[in-house]
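Worksheet for the structure shown next.
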There are 4 protein chains.
Amino acid sequence: MRIDLNSDLGESFGPWPMGQDAALMESITSANIACGFHAGDPTVMRQTLELAKDRAVAVGAHPGFPDLVGFGRREMKASPAEVEDFVLYQISALAGMAATQWVSLQHVKAHGALYNMACKDRALADAIARATAAFDKGLILFGLPNSELLRAGEAAGLRVAAEVFADRAYERDGSLVSRSKPGSVIHDRQAVVDRAVRMVKQKEVVTIDGATITLQADTICLHGDTPGAADLARAVRRGLEDAGIQIAALKG
Amino acid sequence: MRIDLNSDLGESFGPWPMGQDAALMESITSANIACGFHAGDPTVMRQTLELAKDRAVAVGAHPGFPDLVGFGRREMKASPAEVEDFVLYQISALAGMAATQWVSLQHVKAHGALYNMACKDRALADAIARATAAFDKGLILFGLPNSELLRAGEAAGLRVAAEVFADRAYERDGSLVSRSKPGSVIHDRQAVVDRAVRMVKQKEVVTIDGATITLQADTICLHGDTPGAADLARAVRRGLEDAGIQIAALKG
Amino acid sequence: MRIDLNSDLGESFGPWPMGQDAALMESITSANIACGFHAGDPTVMRQTLELAKDRAVAVGAHPGFPDLVGFGRREMKASPAEVEDFVLYQISALAGMAATQWVSLQHVKAHGALYNMACKDRALADAIARATAAFDKGLILFGLPNSELLRAGEAAGLRVAAEVFADRAYERDGSLVSRSKPGSVIHDRQAVVDRAVRMVKQKEVVTIDGATITLQADTICLHGDTPGAADLARAVRRGLEDAGIQIAALKG
Amino acid sequence: MRIDLNSDLGESFGPWPMGQDAALMESITSANIACGFHAGDPTVMRQTLELAKDRAVAVGAHPGFPDLVGFGRREMKASPAEVEDFVLYQISALAGMAATQWVSLQHVKAHGALYNMACKDRALADAIARATAAFDKGLILFGLPNSELLRAGEAAGLRVAAEVFADRAYERDGSLVSRSKPGSVIHDRQAVVDRAVRMVKQKEVVTIDGATITLQADTICLHGDTPGAADLARAVRRGLEDAGIQIAALKG
């Protein structure tokens with residue numbers, strides 16, 4: 001029984017720091033590194049790659065919409081062809097920088113609005129999967145369980161990883177409760193740890209309205225941009241280990 | 001006796017076209033493709049790579065300063081470390097996109113102000129050479145004959161290519177006459193063709209003040225953004241061929 | 001009987017020219033000038049303002065989404081508050097530059113996807129109207145006839161102008177036929193001229209399926225980025241004048 | 001005897017916060033607000049203007065180079081004409097947003113590399129002064145004492161303000177000791193307060209090598225981006241007040 005722990009890192013930009021990358025690296029096994037479109041710049045990318053290598057954390061590309069001021073969180077009606085081109089560009093940029101440090105990318109996780117849109121829109125999902133597979137058939141594509149993104153990845157011949165969120169509430173259909181609704185984020189640390197353990201051990205989660213649903217969990221996302229993020233990550237990791245679960249990167 | 005003919009291509013951006021890429025590709029053997037910082041975007045890059053592959057033209061990265069509105073033509077005091085990072089990012093982005101079309105990069109030619117500064121400033125030249133060599137020791141680094149850029153490339157263990165301009169006037173020290181001076185650009189087509197032939201055959205050029213100087217010429221740059229550029233390129237190519245010179249990419 | 005003729009101008013950016021601004025200025029009475037977000041830069045803006053002043057063409061702000069590579073043509077889910085802020089920023093930037101040439105803005109016309117979205121979405125329309133009215137209650141807000149944009153403008157106490165397109169086909173509900181459908185753009189010059197005259201004189205247009213509908217027309221948009229755009233503009237202007245219609249800016 | 005206290009504010013961007021604007025506003029009398037080129041975005045600008053209005057702090061434009069990732073700190077060889085255009089654009093954008101809150105700009109202070117270059121380069125200084133005067137002859141132009149920027153402002157008919165730094169060491173010629181040298185920044189709070197008082201009362205400062213030089217001081221810059229910045233600002237203000245000096249905006 002094993003699980004991967006991932007986090008979005010390298011989201012500083014120029015003079016603006018973001019997140020607690022070094023502290024989070026102590027708990028996670030996979031880092032999703034921003035590639036300069038929604039966050040990150042070449043120098044931040046290099047530094048984040050060095051940090052990940054130093055901590056033996058697997059790295060993946062975290063491509064986003066070309067929307068710096070909106071942090072890639074705003075939906076954009078880019079065509080699938082445009083998405084394929086700019087996702088490939090971003091994967092390539094990070095992978096080339098990683099290669100100079102003798103590091104290969106493990107995975108690709110789309111960011112923000114691009115991720116959310118592609119989980120539901122097969123044409124966008126296919127565009128991301130095509131870019132990923134064209135770059136390297138050995139890359140693992142991240143997506144929500146049962147999403148179009150995972151289906152597109154499989155159709156493109158890629159290994160896929162179902163991503164779950166231990167600190168987010170779920171609807172009965174397996175989707176995340178919108179952040180605009182009360183109770184969408186779980187703040188109680190022990191509750192988050194317990195949910196993480198149950199997600200991995202029983203492959204199930206209790207929804208916001210009390211039902212129990214099954215959920216495939218290959219990797220758990222730990223947020224890095226909230227106060228106490230590093231502490232929560234440590235607690236989740238320890239809780240999982242205490243439950244006898246091995247914490248390891250997907251290609252560990 | 002052989003020579004490479006190169007041109008800066010892929011400098012369209014979003015809705016704005018630039019240059020006559022398809023027409024130039026008929027005459028040149030090496031394309032320097034913009035990488036999204038001073039010009040080019042992921043879609044333009046893919047299209048330019050496809051065009052180059054179709055015409056069997058060798059491709060290289062053409063990294064520039066992050067200055068879209070200034071087209072990378074304005075000097076910026078970026079540190080050598082910053083330059084190394086963003087040149088590596090740009091090479092990586094283009095190389096990854098090229099690889100999905102089974103194309104490998106042949107060379108790296110810095111753009112505009114970055115090129116001109118690095119020809120004179122060893123620290124910048126070293127930064128570009130380090131990024132290039134870190135990515136792939138097999139890449140050829142372009143620079144002005146006898147420049148710091150070529151010396152830095154050699155010191156980094158790279159093969160280098162001395163680049164000359166058949167339609168630009170030269171000073172006695174081998175530098176280009178500033179564009180702000182009269183006579184800096186040679187408009188007479190036959191004169192340009194004759195200079196090109198002499199540069200390759202005799203490795204010499206007549207300076208603006210009538211002296212004859214020697215000049216190493218591994219590749220001739222043909223401008224792509226002027227009216228009649230494609231015609232001039234054709235004329236130079238034919239003139240060289242008529243003089244018995246083989247036109248071939250550096251890794252032809 | 002009079003009509004305003006408007007065109008989107010100042011859409012060059014840095015080294016990339018676009019359109020035939022000087023030629024179009026001979027035929028139009030109102031120029032919508034890009035403000036640096038989807039196109040235009042401070043130097044292009046100043047030059048376009050100078051040109052408009054020289055030709056006695058009224059000027060308006062043409063604010064768009066912050067999406068240079070997509071030319072503001074891609075829908076973005078920006079919040080109404082964000083839209084209000086960046087529309088105000090763009091109006092302010094242009095108005096301040098105009099004021100140094102003793103020119104006041106006449107109107108505001110949103111660009112591309114922002115315009116199309118705001119014609120249907122009242123929250124976005126209100127955001128644009130609020131920014132416009134906050135800057136200057138005397139500005140005229142452009143929008144499609146019967147659109148949310150016009151209603152929002154009126155609600156904000158602004159004078160509004162209904163904009164029609166003589167070279168675009170219309171649906172029965174008064175909306176434009178999507179560019180993806182055949183017949184959406186009318187290429188026959190005389191047909192365009194005849195439609196323009198009928199729109200102004202009878203306030204009606206024949207739809208793509210042959211029905212006749214009424215349509216309020218305060219200003220006719222002439223495209224500036226197509227081959228023959230300047231010729232078409234001249235023909236439309238002459239046709240209108242020959243029909244006894246006065247061509248004048250809205251605040252003429 | 002009176003002095004203005006200024007600080008660079010509104011330097012957050014999109015998702016990235018910077019500085020302690022609200023805390024600093026308690027101590028300063030003039031806020032230099034970033035205008036979207038080196039930092040700031042339309043939403044940040046509006047919020048900063050609201051904050052300044054609420055605290056009755058005078059506002060000025062803080063225009064910088066178009067270099068977000070470099071935070072406007074890298075020298076760029078933009079032409080005086082380009083600088084004039086983009087400075088005017090930035091002043092206009094902020095002034096228009098301020099006007100909707102019934103606030104007029106008090107001053108213009110160039111940012112970072114643009115400020116430093118213009119203090120020494122008369123052509124750049126003239127470009128900034130021209131843009132400022134063209135927008136509003138009543139604006140006050142900030143610059144180092146005895147700099148080209150102040151001379152250009154006076155030549156353009158503007159009121160100027162000599163800016164000093166209480167926490168920076170000075171050379172004998174009145175220039176700031178380069179940050180790369182030891183001792184360039186003074187960290188002892190009482191020393192900073194004492195220097196501020198002496199600058200205002202005696203119009204003199206002790207240089208890094210122990211000499212006493214005279215220095216015109218119309219406004220003291222308080223840094224906002226360092227830990228303890230708000231505390232230091234409070235201490236300087238209190239020290240000045242205790243010495244009987246009135247703290248007031250330049251147009252107070």
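Starting from 1 in every chain, residues are counted up; chains themselves are A, B, ... following the order of the structure tokens, and ligands are numbered from 1 as listed.
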
| message | Can you work out which residues from chain C touch chain B at a cut-off of 6 Å (counting only C-alpha atoms) and hand them back as a PyMOL selection string? | response | chain C and resi 14+16+69-70

Expected file: the selected residues, C-alpha atoms, as a PDB file, in the first residue's frame:
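So again.pdb came out as:
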ATOM      1  CA  GLY C  14       6.305  47.112 -30.926  1.00  0.00           C
ATOM      2  CA  TRP C  16       4.758  44.571 -35.608  1.00  0.00           C
ATOM      3  CA  VAL C  69      -0.852  36.781 -27.927  1.00  0.00           C
ATOM      4  CA  GLY C  70      -4.577  36.074 -28.313  1.00  0.00           C
TER       5      GLY C  70
END

* To do: Give the helix (DSSP H, G or I) residues of segment 131-247 of chain C, as assigned by DSSP on the backbone, as an MDAnalysis selection string.
  => chainID C and resid 131:135 148:155 189:201 229:242

Practice item. Would you mind listing what lies within 10 Å of Lys251 of chain A as a list in words, with only C-alpha atoms counted and same-chain residues fewer than 5 positions away left out? Key: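 Non-adjacent residues within range: Asp4, Thr29, Ser30, Ala58, Gln106, His107, Leu139 and Ile140 of chain A.
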
Contacts of Leu250 of chain B at 12 Å or less, counting only C-alpha atoms, minus same-chain residues fewer than 2 places along, as a VMD selection string? chain B and resid 2 to 6 28 to 31 57 to 60 105 to 107 138 to 142 159 to 163 217 to 220 246 to 248 252

With only C-alpha atoms as the counted atoms, please give the residues lying no more than 6 Å from Ala169 of chain A, apart from itself and same-chain residues fewer than 2 positions off, as a ChimeraX atom specification. /A:177,184,208

- Query: Within 12 Å of Val205 of chain C, counting only C-alpha atoms, which residues qualify if same-chain residues fewer than 3 places away don't, as a ChimeraX atom specification?
  - Reply: /C:164-176,191-192,194-202,208-217

N, CA, C and O atoms of the current selection, written as a compact mmCIF listing (two decimals), in the first residue's frame:
# COMPACT_ATOMS: atom_id res chain seq x y z
N VAL C 164 -23.45 49.01 -35.93
CA VAL C 164 -23.81 47.99 -36.91
C VAL C 164 -22.62 47.72 -37.84
O VAL C 164 -21.67 48.50 -37.89
N PHE C 165 -22.72 46.58 -38.53
CA PHE C 165 -21.65 46.15 -39.42
C PHE C 165 -22.23 45.94 -40.81
O PHE C 165 -23.03 45.03 -41.02
N ALA C 166 -21.80 46.75 -41.76
CA ALA C 166 -22.40 46.67 -43.10
C ALA C 166 -21.94 45.45 -43.87
O ALA C 166 -22.60 44.99 -44.79
N ASP C 167 -20.78 44.91 -43.47
CA ASP C 167 -20.24 43.77 -44.23
C ASP C 167 -20.42 42.43 -43.50
O ASP C 167 -19.76 41.46 -43.82
N ARG C 168 -21.30 42.44 -42.50
CA ARG C 168 -21.55 41.18 -41.78
C ARG C 168 -23.02 40.80 -41.93
O ARG C 168 -23.91 41.66 -41.92
N ALA C 169 -23.26 39.50 -42.06
CA ALA C 169 -24.63 39.00 -42.15
C ALA C 169 -25.26 38.98 -40.76
O ALA C 169 -24.56 38.83 -39.75
N TYR C 170 -26.59 39.16 -40.72
CA TYR C 170 -27.33 39.20 -39.45
C TYR C 170 -28.31 38.04 -39.35
O TYR C 170 -28.86 37.59 -40.35
N GLU C 171 -28.50 37.58 -38.12
CA GLU C 171 -29.56 36.60 -37.83
C GLU C 171 -30.87 37.37 -37.59
O GLU C 171 -30.87 38.59 -37.41
N ARG C 172 -31.99 36.64 -37.54
CA ARG C 172 -33.29 37.28 -37.33
C ARG C 172 -33.41 38.00 -35.99
O ARG C 172 -34.19 38.94 -35.84
N ASP C 173 -32.63 37.53 -35.00
CA ASP C 173 -32.72 38.18 -33.68
C ASP C 173 -31.82 39.40 -33.58
O ASP C 173 -31.65 39.98 -32.51
N GLY C 174 -31.22 39.79 -34.70
CA GLY C 174 -30.39 40.99 -34.71
C GLY C 174 -28.95 40.74 -34.33
O GLY C 174 -28.14 41.66 -34.30
N SER C 175 -28.61 39.48 -34.05
CA SER C 175 -27.21 39.18 -33.73
C SER C 175 -26.44 38.92 -35.03
O SER C 175 -27.03 38.66 -36.08
N LEU C 176 -25.12 38.99 -34.94
CA LEU C 176 -24.28 38.75 -36.11
C LEU C 176 -24.18 37.25 -36.37
O LEU C 176 -24.08 36.45 -35.42
N ALA C 191 -22.85 45.50 -52.53
CA ALA C 191 -23.83 44.99 -51.56
C ALA C 191 -23.58 45.62 -50.18
O ALA C 191 -24.53 46.00 -49.48
N VAL C 192 -22.32 45.75 -49.82
CA VAL C 192 -21.99 46.36 -48.53
C VAL C 192 -22.46 47.82 -48.50
O VAL C 192 -23.07 48.28 -47.53
N ASP C 194 -24.81 49.20 -50.29
CA ASP C 194 -26.29 49.26 -50.28
C ASP C 194 -26.84 48.96 -48.89
O ASP C 194 -27.80 49.60 -48.44
N ARG C 195 -26.24 47.98 -48.22
CA ARG C 195 -26.70 47.65 -46.86
C ARG C 195 -26.47 48.83 -45.92
O ARG C 195 -27.33 49.13 -45.08
N ALA C 196 -25.30 49.47 -46.05
CA ALA C 196 -25.01 50.61 -45.18
C ALA C 196 -26.07 51.70 -45.37
O ALA C 196 -26.59 52.26 -44.39
N VAL C 197 -26.37 52.00 -46.61
CA VAL C 197 -27.36 53.06 -46.89
C VAL C 197 -28.71 52.68 -46.29
O VAL C 197 -29.37 53.50 -45.63
N ARG C 198 -29.11 51.44 -46.50
CA ARG C 198 -30.43 50.99 -46.00
C ARG C 198 -30.47 51.01 -44.46
O ARG C 198 -31.48 51.35 -43.86
N MET C 199 -29.34 50.59 -43.84
CA MET C 199 -29.28 50.61 -42.37
C MET C 199 -29.52 52.01 -41.82
O MET C 199 -30.19 52.19 -40.81
N VAL C 200 -28.95 53.00 -42.51
CA VAL C 200 -29.08 54.36 -42.01
C VAL C 200 -30.45 54.96 -42.37
O VAL C 200 -31.11 55.55 -41.53
N LYS C 201 -30.83 54.78 -43.63
CA LYS C 201 -32.07 55.42 -44.09
C LYS C 201 -33.32 54.74 -43.56
O LYS C 201 -34.25 55.39 -43.06
N GLN C 202 -33.35 53.40 -43.70
CA GLN C 202 -34.57 52.68 -43.28
C GLN C 202 -34.44 52.06 -41.89
O GLN C 202 -35.40 51.48 -41.39
N ILE C 208 -29.71 36.86 -43.02
CA ILE C 208 -29.09 35.83 -43.86
C ILE C 208 -30.13 34.91 -44.48
O ILE C 208 -29.92 34.34 -45.55
N ASP C 209 -31.30 34.80 -43.82
CA ASP C 209 -32.35 33.94 -44.37
C ASP C 209 -33.47 34.76 -45.02
O ASP C 209 -34.60 34.28 -45.18
N GLY C 210 -33.15 36.01 -45.39
CA GLY C 210 -34.08 36.74 -46.25
C GLY C 210 -35.14 37.59 -45.56
O GLY C 210 -35.91 38.27 -46.23
N ALA C 211 -35.17 37.58 -44.25
CA ALA C 211 -36.16 38.41 -43.55
C ALA C 211 -35.64 39.85 -43.44
O ALA C 211 -34.44 40.09 -43.52
N THR C 212 -36.56 40.76 -43.27
CA THR C 212 -36.16 42.15 -43.04
C THR C 212 -36.42 42.49 -41.59
O THR C 212 -37.54 42.31 -41.10
N ILE C 213 -35.39 42.95 -40.89
CA ILE C 213 -35.56 43.32 -39.48
C ILE C 213 -35.14 44.78 -39.29
O ILE C 213 -34.38 45.33 -40.09
N THR C 214 -35.67 45.38 -38.23
CA THR C 214 -35.26 46.75 -37.93
C THR C 214 -34.04 46.71 -37.01
O THR C 214 -33.85 45.77 -36.25
N LEU C 215 -33.23 47.75 -37.11
CA LEU C 215 -31.95 47.77 -36.43
C LEU C 215 -31.56 49.22 -36.19
O LEU C 215 -31.50 50.01 -37.13
N GLN C 216 -31.32 49.58 -34.97
CA GLN C 216 -30.86 50.94 -34.68
C GLN C 216 -29.41 51.07 -35.10
O GLN C 216 -28.58 50.21 -34.77
N ALA C 217 -29.07 52.11 -35.83
CA ALA C 217 -27.70 52.30 -36.32
C ALA C 217 -27.23 53.71 -36.03
O ALA C 217 -27.67 54.66 -36.69

Write down as a compact mmCIF listing (two decimals) with N, CA and C atoms, in the first residue's frame the residues of segment 17-155 of chain A whose backbone DSSP state falls under strand (DSSP E or B).
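Writing done, so here's result_0.txt:
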# COMPACT_ATOMS: atom_id res chain seq x y z
N SER A 30 6.45 14.35 -4.92
CA SER A 30 6.37 14.85 -6.29
C SER A 30 6.10 16.36 -6.29
N ALA A 31 6.92 17.10 -7.03
CA ALA A 31 6.74 18.56 -7.11
C ALA A 31 6.24 18.94 -8.49
N ASN A 32 5.14 19.70 -8.54
CA ASN A 32 4.62 20.22 -9.80
C ASN A 32 5.18 21.63 -9.95
N ILE A 33 6.05 21.83 -10.92
CA ILE A 33 6.79 23.09 -11.02
C ILE A 33 6.22 23.98 -12.12
N ALA A 34 5.86 25.21 -11.72
CA ALA A 34 5.32 26.19 -12.67
C ALA A 34 6.35 26.48 -13.75
N ALA A 58 10.60 13.87 -6.83
CA ALA A 58 10.35 13.76 -8.27
C ALA A 58 9.73 15.06 -8.78
N VAL A 59 10.02 15.41 -10.05
CA VAL A 59 9.50 16.67 -10.57
C VAL A 59 8.61 16.45 -11.78
N GLY A 60 7.64 17.33 -11.90
CA GLY A 60 6.74 17.31 -13.05
C GLY A 60 6.47 18.72 -13.51
N ALA A 61 5.99 18.86 -14.75
CA ALA A 61 5.65 20.17 -15.28
C ALA A 61 4.24 20.55 -14.83
N HIS A 62 4.07 21.82 -14.57
CA HIS A 62 2.79 22.35 -14.08
C HIS A 62 2.38 23.48 -15.03
N MET A 76 -9.95 30.56 -19.87
CA MET A 76 -9.70 31.24 -21.14
C MET A 76 -10.15 30.31 -22.25
N HIS A 107 6.16 13.62 -14.42
CA HIS A 107 4.74 13.76 -14.69
C HIS A 107 4.38 15.15 -15.22
N VAL A 108 3.13 15.29 -15.61
CA VAL A 108 2.57 16.58 -16.03
C VAL A 108 1.25 16.78 -15.31
N ILE A 140 3.78 10.65 -16.72
CA ILE A 140 2.50 10.30 -16.08
C ILE A 140 1.62 11.55 -16.09
N LEU A 141 0.37 11.41 -16.52
CA LEU A 141 -0.53 12.56 -16.57
C LEU A 141 -1.46 12.56 -15.36
N PHE A 142 -1.49 13.67 -14.65
CA PHE A 142 -2.35 13.80 -13.46
C PHE A 142 -3.74 14.31 -13.86
N GLY A 143 -4.75 13.88 -13.10
CA GLY A 143 -6.10 14.40 -13.30
C GLY A 143 -7.00 13.95 -12.17

Quiz prompt | atom CA of Leu240 of chain C to atom CA of Cys119 of chain C, distance in Å rounded to a single decimal | solution =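 Taking atom CA of Leu240 of chain C and atom CA of Cys119 of chain C, their separation equals 27.1 Å.
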
TODO: For atom CA of Arg151 of chain D and atom CA of Ala125 of chain D, determine how far apart the two atoms are, in Å to one decimal place.
DONE: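 So the answer is 8.3 Å.
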
Counting only C-alpha atoms, closest pick from D:Val83, D:Val236, D:Cys35, D:Ala133 relative to Gln190 of chain D is D:Val236
